[in-house]
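start_14.txt follows; it contains compact mmCIF, C-alpha atoms.
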```txt
# COMPACT_ATOMS: atom_id res chain seq x y z
CA MET F 1 15.72 -76.39 135.47
CA ARG F 2 12.28 -76.00 133.95
CA ILE F 3 12.58 -72.23 134.20
CA ALA F 4 15.93 -72.32 132.40
CA LEU F 5 14.39 -74.39 129.59
CA ILE F 6 11.42 -72.06 129.23
CA ALA F 7 13.70 -69.03 129.28
CA GLY F 8 15.82 -70.59 126.55
CA PHE F 9 12.76 -71.33 124.47
CA VAL F 10 11.42 -67.79 124.86
CA ALA F 11 14.84 -66.39 123.92
CA LEU F 12 14.79 -68.50 120.76
CA ILE F 13 11.28 -67.29 119.87
CA VAL F 14 12.34 -63.67 120.37
CA LEU F 15 15.42 -64.20 118.21
CA LEU F 16 13.36 -65.71 115.40
CA ALA F 17 10.65 -63.04 115.75
CA VAL F 18 13.22 -60.27 115.39
CA GLY F 19 14.58 -62.10 112.36
CA LEU F 20 11.15 -61.99 110.74
CA THR F 21 10.94 -58.21 111.01
CA ARG F 22 14.12 -57.73 109.03
CA ASN F 23 14.19 -57.50 105.27
CA PRO F 24 16.66 -59.99 103.80
CA ARG F 25 16.43 -58.25 100.41
CA GLU F 26 18.13 -55.21 101.85
CA VAL F 27 21.81 -55.89 101.53
CA PRO F 28 23.84 -53.23 103.32
CA SER F 29 25.98 -51.44 100.77
CA PRO F 30 29.73 -51.39 101.33
CA LEU F 31 29.79 -48.08 99.45
CA ILE F 32 28.40 -46.00 102.32
CA GLY F 33 31.15 -43.64 103.44
CA LYS F 34 33.13 -44.22 100.26
CA ALA F 35 33.60 -41.92 97.28
CA ALA F 36 30.86 -42.25 94.69
CA PRO F 37 32.36 -44.26 91.80
CA ALA F 38 33.38 -42.02 88.94
CA PHE F 39 31.74 -42.25 85.53
CA GLU F 40 31.11 -40.16 82.49
CA LEU F 41 27.83 -40.78 80.74
CA PRO F 42 25.77 -38.99 78.11
CA ARG F 43 22.58 -37.27 79.16
CA LEU F 44 19.27 -38.75 78.15
CA GLY F 45 18.21 -37.06 74.93
CA GLY F 46 21.31 -34.91 74.68
CA ALA F 47 24.94 -35.03 73.70
CA GLU F 48 26.27 -33.41 76.88
CA ARG F 49 28.10 -35.68 79.25
CA PHE F 50 27.89 -35.79 83.02
CA SER F 51 30.29 -36.94 85.69
CA PRO F 52 29.71 -37.00 89.47
CA ALA F 53 32.76 -34.75 89.79
CA ASP F 54 30.62 -31.96 88.24
CA MET F 55 28.58 -31.93 91.46
CA ARG F 56 31.46 -31.25 93.84
CA GLY F 57 30.45 -28.84 96.56
CA LYS F 58 26.78 -29.80 96.39
CA VAL F 59 24.72 -32.29 98.31
CA TRP F 60 22.80 -34.20 95.65
CA LEU F 61 20.73 -37.27 94.96
CA LEU F 62 21.33 -39.92 92.35
CA ASN F 63 18.22 -41.94 91.58
CA VAL F 64 18.48 -45.14 89.56
CA TRP F 65 15.36 -45.69 87.47
CA ALA F 66 14.04 -47.40 84.35
CA SER F 67 10.83 -47.30 82.38
CA TRP F 68 10.49 -51.08 82.75
CA CYS F 69 10.72 -50.85 86.53
CA VAL F 70 7.32 -51.22 88.14
CA SER F 71 8.15 -49.89 91.61
CA CYS F 72 9.73 -46.81 90.00
CA ARG F 73 6.18 -45.78 89.16
CA ASP F 74 5.19 -46.01 92.82
CA GLU F 75 8.15 -43.91 93.75
CA HIS F 76 7.77 -41.35 90.99
CA PRO F 77 5.17 -39.01 92.54
CA VAL F 78 7.36 -38.74 95.65
CA LEU F 79 10.30 -37.66 93.52
CA VAL F 80 8.17 -35.21 91.53
CA ASP F 81 7.03 -33.60 94.78
CA PHE F 82 10.59 -33.53 96.08
CA ALA F 83 11.82 -31.87 92.88
CA LYS F 84 9.20 -29.12 93.28
CA THR F 85 10.72 -28.14 96.62
CA LYS F 86 14.12 -27.65 94.91
CA ARG F 87 15.71 -28.91 98.09
CA ALA F 88 18.69 -30.60 96.37
CA PRO F 89 19.63 -31.50 92.80
CA LEU F 90 18.18 -34.82 91.71
CA ILE F 91 20.00 -36.60 88.90
CA GLY F 92 18.57 -39.72 87.28
CA LEU F 93 20.55 -42.74 86.22
CA ASN F 94 18.49 -44.36 83.52
CA TYR F 95 19.44 -47.98 84.00
CA LYS F 96 19.38 -50.54 81.17
CA ASP F 97 16.58 -48.82 79.34
CA GLN F 98 15.65 -47.84 75.80
CA GLY F 99 16.06 -44.11 75.17
CA ASP F 100 12.66 -43.82 73.52
CA ASP F 101 10.87 -45.68 76.30
CA ALA F 102 12.61 -43.59 78.94
CA ARG F 103 11.66 -40.29 77.30
CA LYS F 104 8.05 -41.38 76.83
CA TRP F 105 7.90 -42.50 80.45
CA LEU F 106 9.11 -39.10 81.67
CA ALA F 107 6.72 -37.29 79.34
CA ARG F 108 3.86 -39.31 80.74
CA PHE F 109 4.60 -39.24 84.47
CA GLY F 110 6.57 -36.01 84.77
CA ASP F 111 10.30 -35.40 84.91
CA PRO F 112 11.61 -34.67 88.42
CA TYR F 113 15.25 -34.88 87.35
CA GLN F 114 17.59 -32.03 86.61
CA PHE F 115 18.55 -34.47 83.88
CA SER F 116 19.10 -38.19 83.54
CA VAL F 117 22.21 -39.95 82.32
CA VAL F 118 22.12 -43.14 80.31
CA ASP F 119 23.62 -46.37 81.61
CA ALA F 120 22.48 -48.54 78.72
CA ASP F 121 24.38 -51.74 79.55
CA GLY F 122 24.23 -51.44 83.33
CA ARG F 123 27.98 -51.17 83.93
CA ILE F 124 27.75 -48.06 86.08
CA GLY F 125 24.92 -49.76 87.94
CA ILE F 126 27.33 -52.56 88.84
CA ASP F 127 29.91 -50.03 90.06
CA TYR F 128 27.27 -48.58 92.35
CA GLY F 129 26.19 -52.00 93.56
CA VAL F 130 22.71 -51.63 92.09
CA TYR F 131 20.71 -54.84 92.32
CA GLY F 132 17.11 -53.77 92.56
CA VAL F 133 15.85 -50.67 90.80
CA PRO F 134 14.86 -48.12 92.05
CA GLU F 135 17.78 -47.17 94.25
CA THR F 136 18.69 -43.71 95.49
CA TYR F 137 22.03 -42.40 96.70
CA VAL F 138 22.61 -39.31 98.81
CA ILE F 139 26.03 -37.89 97.96
CA ASP F 140 27.72 -35.17 99.99
CA ARG F 141 29.76 -32.14 98.97
CA ALA F 142 32.99 -34.11 98.88
CA GLY F 143 31.46 -36.73 96.61
CA VAL F 144 31.06 -39.36 99.31
CA ILE F 145 28.00 -41.63 99.37
CA ARG F 146 26.25 -41.06 102.68
CA TYR F 147 23.07 -43.05 102.26
CA LYS F 148 21.56 -45.59 99.92
CA GLN F 149 17.87 -46.24 99.64
CA ILE F 150 17.19 -49.69 98.23
CA GLY F 151 13.75 -49.82 96.68
CA PRO F 152 11.32 -46.95 96.31
CA VAL F 153 11.72 -43.71 98.24
CA THR F 154 8.50 -43.45 100.23
CA PRO F 155 7.20 -40.21 101.76
CA ASP F 156 8.23 -41.66 105.13
CA VAL F 157 11.80 -42.34 104.08
CA LEU F 158 12.02 -38.91 102.50
CA GLN F 159 10.76 -37.11 105.61
CA ALA F 160 12.44 -39.21 108.27
CA THR F 161 15.77 -39.99 106.65
CA ILE F 162 16.67 -38.21 103.45
CA LEU F 163 15.60 -34.64 104.22
CA PRO F 164 17.22 -34.57 107.70
CA LEU F 165 20.38 -36.04 106.17
CA ILE F 166 20.49 -33.35 103.47
CA ARG F 167 20.06 -30.71 106.17
CA GLU F 168 22.87 -32.20 108.21
CA LEU F 169 25.22 -32.50 105.24
CA GLU F 170 24.60 -28.93 104.15
CA ARG F 171 25.50 -27.56 107.54
CA MET K 1 -1.11 -95.60 51.54
CA ARG K 2 0.01 -92.70 49.50
CA ARG K 3 0.30 -90.57 52.62
CA LEU K 4 2.44 -93.21 54.28
CA ALA K 5 4.74 -93.27 51.30
CA ALA K 6 5.03 -89.49 51.41
CA ALA K 7 5.83 -89.59 55.12
CA LEU K 8 8.50 -92.22 54.54
CA ALA K 9 9.99 -90.16 51.76
CA ALA K 10 10.06 -87.12 54.02
CA LEU K 11 11.82 -89.14 56.71
CA LEU K 12 14.41 -90.31 54.22
CA LEU K 13 15.02 -86.73 53.18
CA CYS K 14 15.50 -85.68 56.79
CA GLY K 15 18.01 -88.48 57.29
CA GLY K 16 20.09 -86.85 54.62
CA ALA K 17 20.83 -83.82 56.82
CA PRO K 18 24.53 -83.81 57.65
CA ALA K 19 25.24 -84.94 61.22
CA ARG K 20 27.70 -82.83 63.18
CA GLU K 21 29.07 -82.62 66.67
CA ALA K 22 27.21 -80.09 68.80
CA PRO K 23 28.99 -76.74 68.64
CA PRO K 24 30.42 -75.43 71.93
CA LEU K 25 28.02 -73.17 73.80
CA ALA K 26 30.64 -70.56 74.46
CA PRO K 27 33.40 -69.33 72.19
CA ASP K 28 36.10 -69.91 74.78
CA GLU K 29 35.63 -72.95 76.95
CA LYS K 30 38.56 -72.21 79.24
CA VAL K 31 37.15 -68.80 80.15
CA GLU K 32 33.76 -70.39 80.66
CA ALA K 33 35.18 -73.06 82.97
CA ARG K 34 36.81 -70.42 85.13
CA LEU K 35 33.65 -68.33 85.06
CA VAL K 36 31.78 -71.31 86.48
CA THR K 37 34.26 -71.96 89.30
CA ILE K 38 34.25 -68.30 90.30
CA ALA K 39 30.55 -67.69 89.91
CA GLU K 40 29.60 -70.82 91.86
CA GLU K 41 30.96 -69.09 94.94
CA LEU K 42 29.05 -65.87 94.31
CA ARG K 43 25.48 -65.23 95.31
CA CYS K 44 22.97 -63.76 92.92
CA LEU K 45 21.60 -60.63 94.58
CA VAL K 46 18.24 -60.77 92.88
CA CYS K 47 17.37 -64.37 93.71
CA GLN K 48 19.34 -64.70 96.86
CA ASN K 49 19.41 -68.45 97.24
CA GLU K 50 20.84 -69.02 93.81
CA SER K 51 24.45 -68.81 92.79
CA LEU K 52 25.51 -66.53 90.00
CA VAL K 53 26.08 -69.60 87.81
CA ALA K 54 22.57 -70.93 88.29
CA SER K 55 20.73 -67.65 88.02
CA ARG K 56 19.22 -66.33 84.81
CA ALA K 57 18.30 -62.98 86.34
CA ASP K 58 19.25 -59.94 84.30
CA LEU K 59 21.75 -58.69 86.85
CA ALA K 60 23.30 -62.16 87.13
CA MET K 61 23.84 -62.21 83.37
CA ASP K 62 25.51 -58.78 83.58
CA LEU K 63 27.71 -59.86 86.46
CA LYS K 64 28.71 -63.00 84.59
CA ARG K 65 29.61 -60.83 81.62
CA GLU K 66 31.74 -58.76 83.97
CA VAL K 67 33.47 -61.86 85.38
CA ARG K 68 34.03 -63.22 81.87
CA GLU K 69 35.65 -59.97 80.76
CA GLN K 70 37.89 -59.84 83.79
CA VAL K 71 38.96 -63.46 83.30
CA ARG K 72 39.88 -62.60 79.72
CA ALA K 73 41.79 -59.58 80.98
CA GLY K 74 43.91 -61.93 83.09
CA LYS K 75 42.57 -61.01 86.55
CA SER K 76 43.03 -63.56 89.32
CA ASP K 77 40.10 -65.20 91.11
CA ALA K 78 40.85 -63.18 94.24
CA GLU K 79 40.84 -59.92 92.27
CA ILE K 80 37.48 -60.74 90.73
CA ARG K 81 35.97 -61.70 94.08
CA ASP K 82 37.31 -58.47 95.50
CA PHE K 83 35.65 -56.52 92.70
CA MET K 84 32.29 -58.02 93.66
CA VAL K 85 32.74 -57.55 97.41
CA LYS K 86 33.64 -53.88 96.92
CA ARG K 87 30.32 -53.31 95.19
CA TYR K 88 27.94 -55.69 96.89
CA GLY K 89 29.59 -56.49 100.22
CA ASP K 90 30.45 -59.83 101.83
CA PHE K 91 26.89 -60.86 101.13
CA VAL K 92 27.86 -61.94 97.59
CA LEU K 93 30.24 -64.53 98.96
CA TYR K 94 28.83 -67.94 99.80
CA ARG K 95 31.82 -68.30 102.13
CA PRO K 96 31.99 -65.03 104.04
CA PRO K 97 35.39 -64.10 105.49
CA LEU K 98 36.10 -64.70 109.16
CA LYS K 99 36.05 -61.37 110.97
CA ALA K 100 34.56 -59.77 114.06
CA SER K 101 31.13 -59.21 112.50
CA THR K 102 30.91 -62.77 111.18
CA LEU K 103 32.17 -64.64 114.24
CA LEU K 104 28.67 -65.51 115.38
CA LEU K 105 27.79 -66.65 111.88
CA TRP K 106 30.73 -69.04 111.79
CA PHE K 107 30.70 -70.31 115.36
CA GLY K 108 27.06 -69.79 116.38
CA PRO K 109 26.03 -73.30 115.30
CA PHE K 110 28.84 -74.86 117.36
CA LEU K 111 27.79 -72.70 120.29
CA LEU K 112 24.24 -74.05 120.00
CA LEU K 113 25.58 -77.59 119.73
CA ALA K 114 27.66 -77.11 122.88
CA ALA K 115 24.62 -75.69 124.69
CA GLY K 116 22.62 -78.74 123.61
CA PHE K 117 25.25 -81.14 124.93
CA ALA K 118 25.44 -79.21 128.20
CA ALA K 119 21.65 -79.44 128.58
CA ILE K 120 21.72 -83.19 127.95
CA ALA K 121 24.53 -83.67 130.45
CA ILE K 122 22.64 -81.73 133.12
CA ILE K 123 19.38 -83.58 132.50
CA VAL K 124 21.05 -87.00 132.57
CA ARG K 125 22.93 -86.22 135.76
CA ARG K 126 19.75 -85.03 137.52
CA ARG K 127 17.82 -88.10 136.51
CA ARG K 128 20.58 -90.32 137.81
CA ALA K 129 20.60 -88.48 141.13
CA VAL K 130 16.82 -88.85 141.42
CA ARG K 131 16.97 -92.55 140.69
CA ALA K 132 19.78 -93.18 143.14
CA GLY K 133 18.01 -91.40 145.97
CA ALA K 134 14.51 -92.72 145.29
CA LEU K 135 14.61 -95.71 147.67
CA SER K 136 15.53 -95.73 151.32
CA THR K 137 17.85 -98.51 152.45
CA GLU K 138 14.96 -100.39 154.06
CA ASP K 139 12.89 -100.23 150.92
CA GLU K 140 15.84 -101.39 148.92
CA ALA K 141 16.35 -104.36 151.23
CA ARG K 142 12.67 -105.24 150.88
CA ALA K 143 12.82 -104.95 147.14
CA ASP K 144 15.89 -107.16 147.06
CA ALA K 145 14.15 -109.74 149.23
CA LEU K 146 11.08 -109.71 146.97
CA LEU K 147 13.19 -110.06 143.87
CA GLN K 148 15.08 -112.91 145.52
CA LYS K 149 11.85 -114.70 146.25
CA ARG K 150 10.80 -114.43 142.67
CA THR K 151 14.00 -115.85 141.24
CA ASP K 152 13.84 -118.69 143.76
CA ALA K 153 10.32 -119.65 142.78
```

Take the structure in the file and write it out as structure tokens.
Amino acid sequence: MRIALIAGFVALIVLLAVGLTRNPREVPSPLIGKAAPAFELPRLGGAERFSPADMRGKVWLLNVWASWCVSCRDEHPVLVDFAKTKRAPLIGLNYKDQGDDARKWLARFGDPYQFSVVDADGRIGIDYGVYGVPETYVIDRAGVIRYKQIGPVTPDVLQATILPLIRELER
Amino acid sequence: MRRLAAALAALLLCGGAPAREAPPLAPDEKVEARLVTIAEELRCLVCQNESLVASRADLAMDLKREVREQVRAGKSDAEIRDFMVKRYGDFVLYRPPLKASTLLLWFGPFLLLAAGFAAIAIIVRRRRAVRAGALSTEDEARADALLQKRTDA
């Protein structure tokens, strides 16, 4: 009897301890495995428009960023390094930002993006289930979202998850 | 004295401002009422323990704008909820749907309750068994005799 009670108690502690290691802010996206929502948005600082359909046949990354977003600055050097390797096209989605601020921000910290598109009122962000900038989507050749990074891309995430996934998807 | 007079005069002037009923906070109260009933059941993703109605987070304001527009466009409550679930998952619902992955969420508490009752039942039964078997028949007879003596005295 006593052993059963102690075992139950230990099981409860383990359950709660596992719970503590998980991040409740990370809400699994229902969009994984689904087609990336379509949009057509103007490029930042240009008149040309971009739509995810333009990227068919390529594995590419969509990174949601904003000049007001503090953790985007932590992430930025990682993206700049990634862009230098030219491993896959990186497109920015400039989320709820001011055009001037966004351009200044890129001028100051470097521009890793092939280009950024402007989602001024955050509607496309909602379609992509964005709730905490920065977020990064890996989209395959058929236009299907294969991975979503919520929060900054760290060197670890890039090496352990994103790069292997790109390799796999390009096979 | 003069200052007091000036203050009184100022007060009188203020009293002259035309009184009106407070204007409605939203242009369309019906839409707003439906927004509230729908958004009360939706979780704000930024401040996760707040409903969309209560939250003033930027994203919550945007999502409320979205709900408002869809209400105006004549979408049903279920359609609007579906719109949110498609983008943010079941997590946005305060009442998640009953399905295989949420069974434990729905029935886990009852499971724990049942386990608790079972534990109580087992403990009580054991105690009773211990008490019943604690005295031999001779001891019991002695105890009875002693108790008898006491009540007689």

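Between Ser29 (chain F) and the residues F:Ser116, F:Ser71, F:Thr136, F:Asn94, the shortest atom-to-atom distance, using all atoms listed in the file, involves F:Thr136.
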
Checklist entry - If you measure from CA of Lys99 (chain K) to CA of Val85 (chain K), what distance in Å do you get, rounded to one decimal? => result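 Rounded to one decimal, the two atoms are 14.5 Å apart.
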
Item to check | 9 Å contacts from chain F to chain K using all atoms listed in the file, as JSON, numbers by chain | outcome: {"F": [1, 5, 24, 25, 27, 28, 29, 30, 31, 121, 122, 123, 126, 127, 128, 129, 130, 131, 132]}

Next on the checklist: Residues near Phe109 (chain F), anyone? I mean within 10 Å using only C-alpha atoms, not counting same-chain ones fewer than 6 positions away, as a ChimeraX atom specification.
Outcome noted: /F:73,76-77,80

Next on the checklist: Can you measure CA of Val31 (chain K) to CA of Arg43 (chain K) for me? One decimal in Å is fine.
Outcome noted: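 CA of Val31 (chain K) sits 19.5 Å away from CA of Arg43 (chain K).
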
Next on the checklist: Calculated over only C-alpha atoms, which of the candidates K:Gly74, K:Pro27, K:Ala143, K:Glu41 has the smallest distance to Arg95 (chain K)?
Outcome noted: K:Glu41

Next on the checklist: One number please: CA of Asp101 (chain F) to CA of Phe82 (chain F), in Å, one decimal.
Outcome noted: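 So the answer is 23.2 Å.
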
Closest-contact table, region 21-118 of chain F side, partner region 142-145 of chain F, 7 Å, counting only C-alpha atoms, as a Markdown table:
```
| residue | atom | partner | partner_atom | distance |
| --- | --- | --- | --- | --- |
| F:Leu31 | CA | F:Ile145 | CA | 6.7 |
| F:Ile32 | CA | F:Ile145 | CA | 5.3 |
| F:Gly33 | CA | F:Ile145 | CA | 5.5 |
| F:Lys34 | CA | F:Val144 | CA | 5.4 |
| F:Ala35 | CA | F:Val144 | CA | 4.1 |
| F:Ala36 | CA | F:Val144 | CA | 5.5 |
| F:Arg56 | CA | F:Ala142 | CA | 6.0 |
| F:Gly57 | CA | F:Ala142 | CA | 6.3 |
```

Item to check | Residue among F:Asn63, F:Ala7, F:Cys72, F:Leu106 lying closest to Gly92 (chain F), counting only C-alpha atoms | outcome: F:Asn63

Item to check | Within 12 Å of Arg87 (chain F) using all atoms listed in the file, minus same-chain residues under 2 positions, as an MDAnalysis selection string | outcome: chainID F and resid 58:61 79:85 89:90 112 158 162:167 170

Region 62-70 of chain F: axis-aligned bounding box, 4 Å on each side, centre and edge lengths in Å, one decimal, as AutoDock Vina command-line options:
```
--center_x 14.3 --center_y -45.6 --center_z 87.4 --size_x 22.0 --size_y 19.3 --size_z 18.0
```

Checklist entry - Hey, can you pull every residue with an atom no more than 12 Å from (34.5, -62.2, 81.9), using only C-alpha atoms, and send it as a ChimeraX atom specification? => result /K:26,28-36,38-39,61-77,80

Near Ala120 (chain F), counting all atoms listed in the file, which residues have an atom at most 12 Å away, once you skip same-chain residues fewer than 2 positions from it, shown as a tab-separated table (two decimals) with C-alpha atoms, keeping the file's coordinate frame?
```tsv
chain	number	residue	atom	x	y	z
F	41	LEU	CA	27.83	-40.78	80.74
F	42	PRO	CA	25.77	-38.99	78.11
F	43	ARG	CA	22.58	-37.27	79.16
F	44	LEU	CA	19.27	-38.75	78.15
F	65	TRP	CA	15.36	-45.69	87.47
F	66	ALA	CA	14.04	-47.40	84.35
F	93	LEU	CA	20.55	-42.74	86.22
F	94	ASN	CA	18.49	-44.36	83.52
F	95	TYR	CA	19.44	-47.98	84.00
F	96	LYS	CA	19.38	-50.54	81.17
F	97	ASP	CA	16.58	-48.82	79.34
F	98	GLN	CA	15.65	-47.84	75.80
F	99	GLY	CA	16.06	-44.11	75.17
F	102	ALA	CA	12.61	-43.59	78.94
F	116	SER	CA	19.10	-38.19	83.54
F	117	VAL	CA	22.21	-39.95	82.32
F	118	VAL	CA	22.12	-43.14	80.31
F	122	GLY	CA	24.23	-51.44	83.33
F	123	ARG	CA	27.98	-51.17	83.93
F	124	ILE	CA	27.75	-48.06	86.08
F	125	GLY	CA	24.92	-49.76	87.94
F	126	ILE	CA	27.33	-52.56	88.84
K	62	ASP	CA	25.51	-58.78	83.58
```

Item to check | Given all atoms listed in the file as the counted atoms, nearest of F:Leu62, F:Val10, F:Lys86, F:Ser67 to Pro37 (chain F) | outcome: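 For Pro37 (chain F), the nearest of the candidates is F:Leu62.
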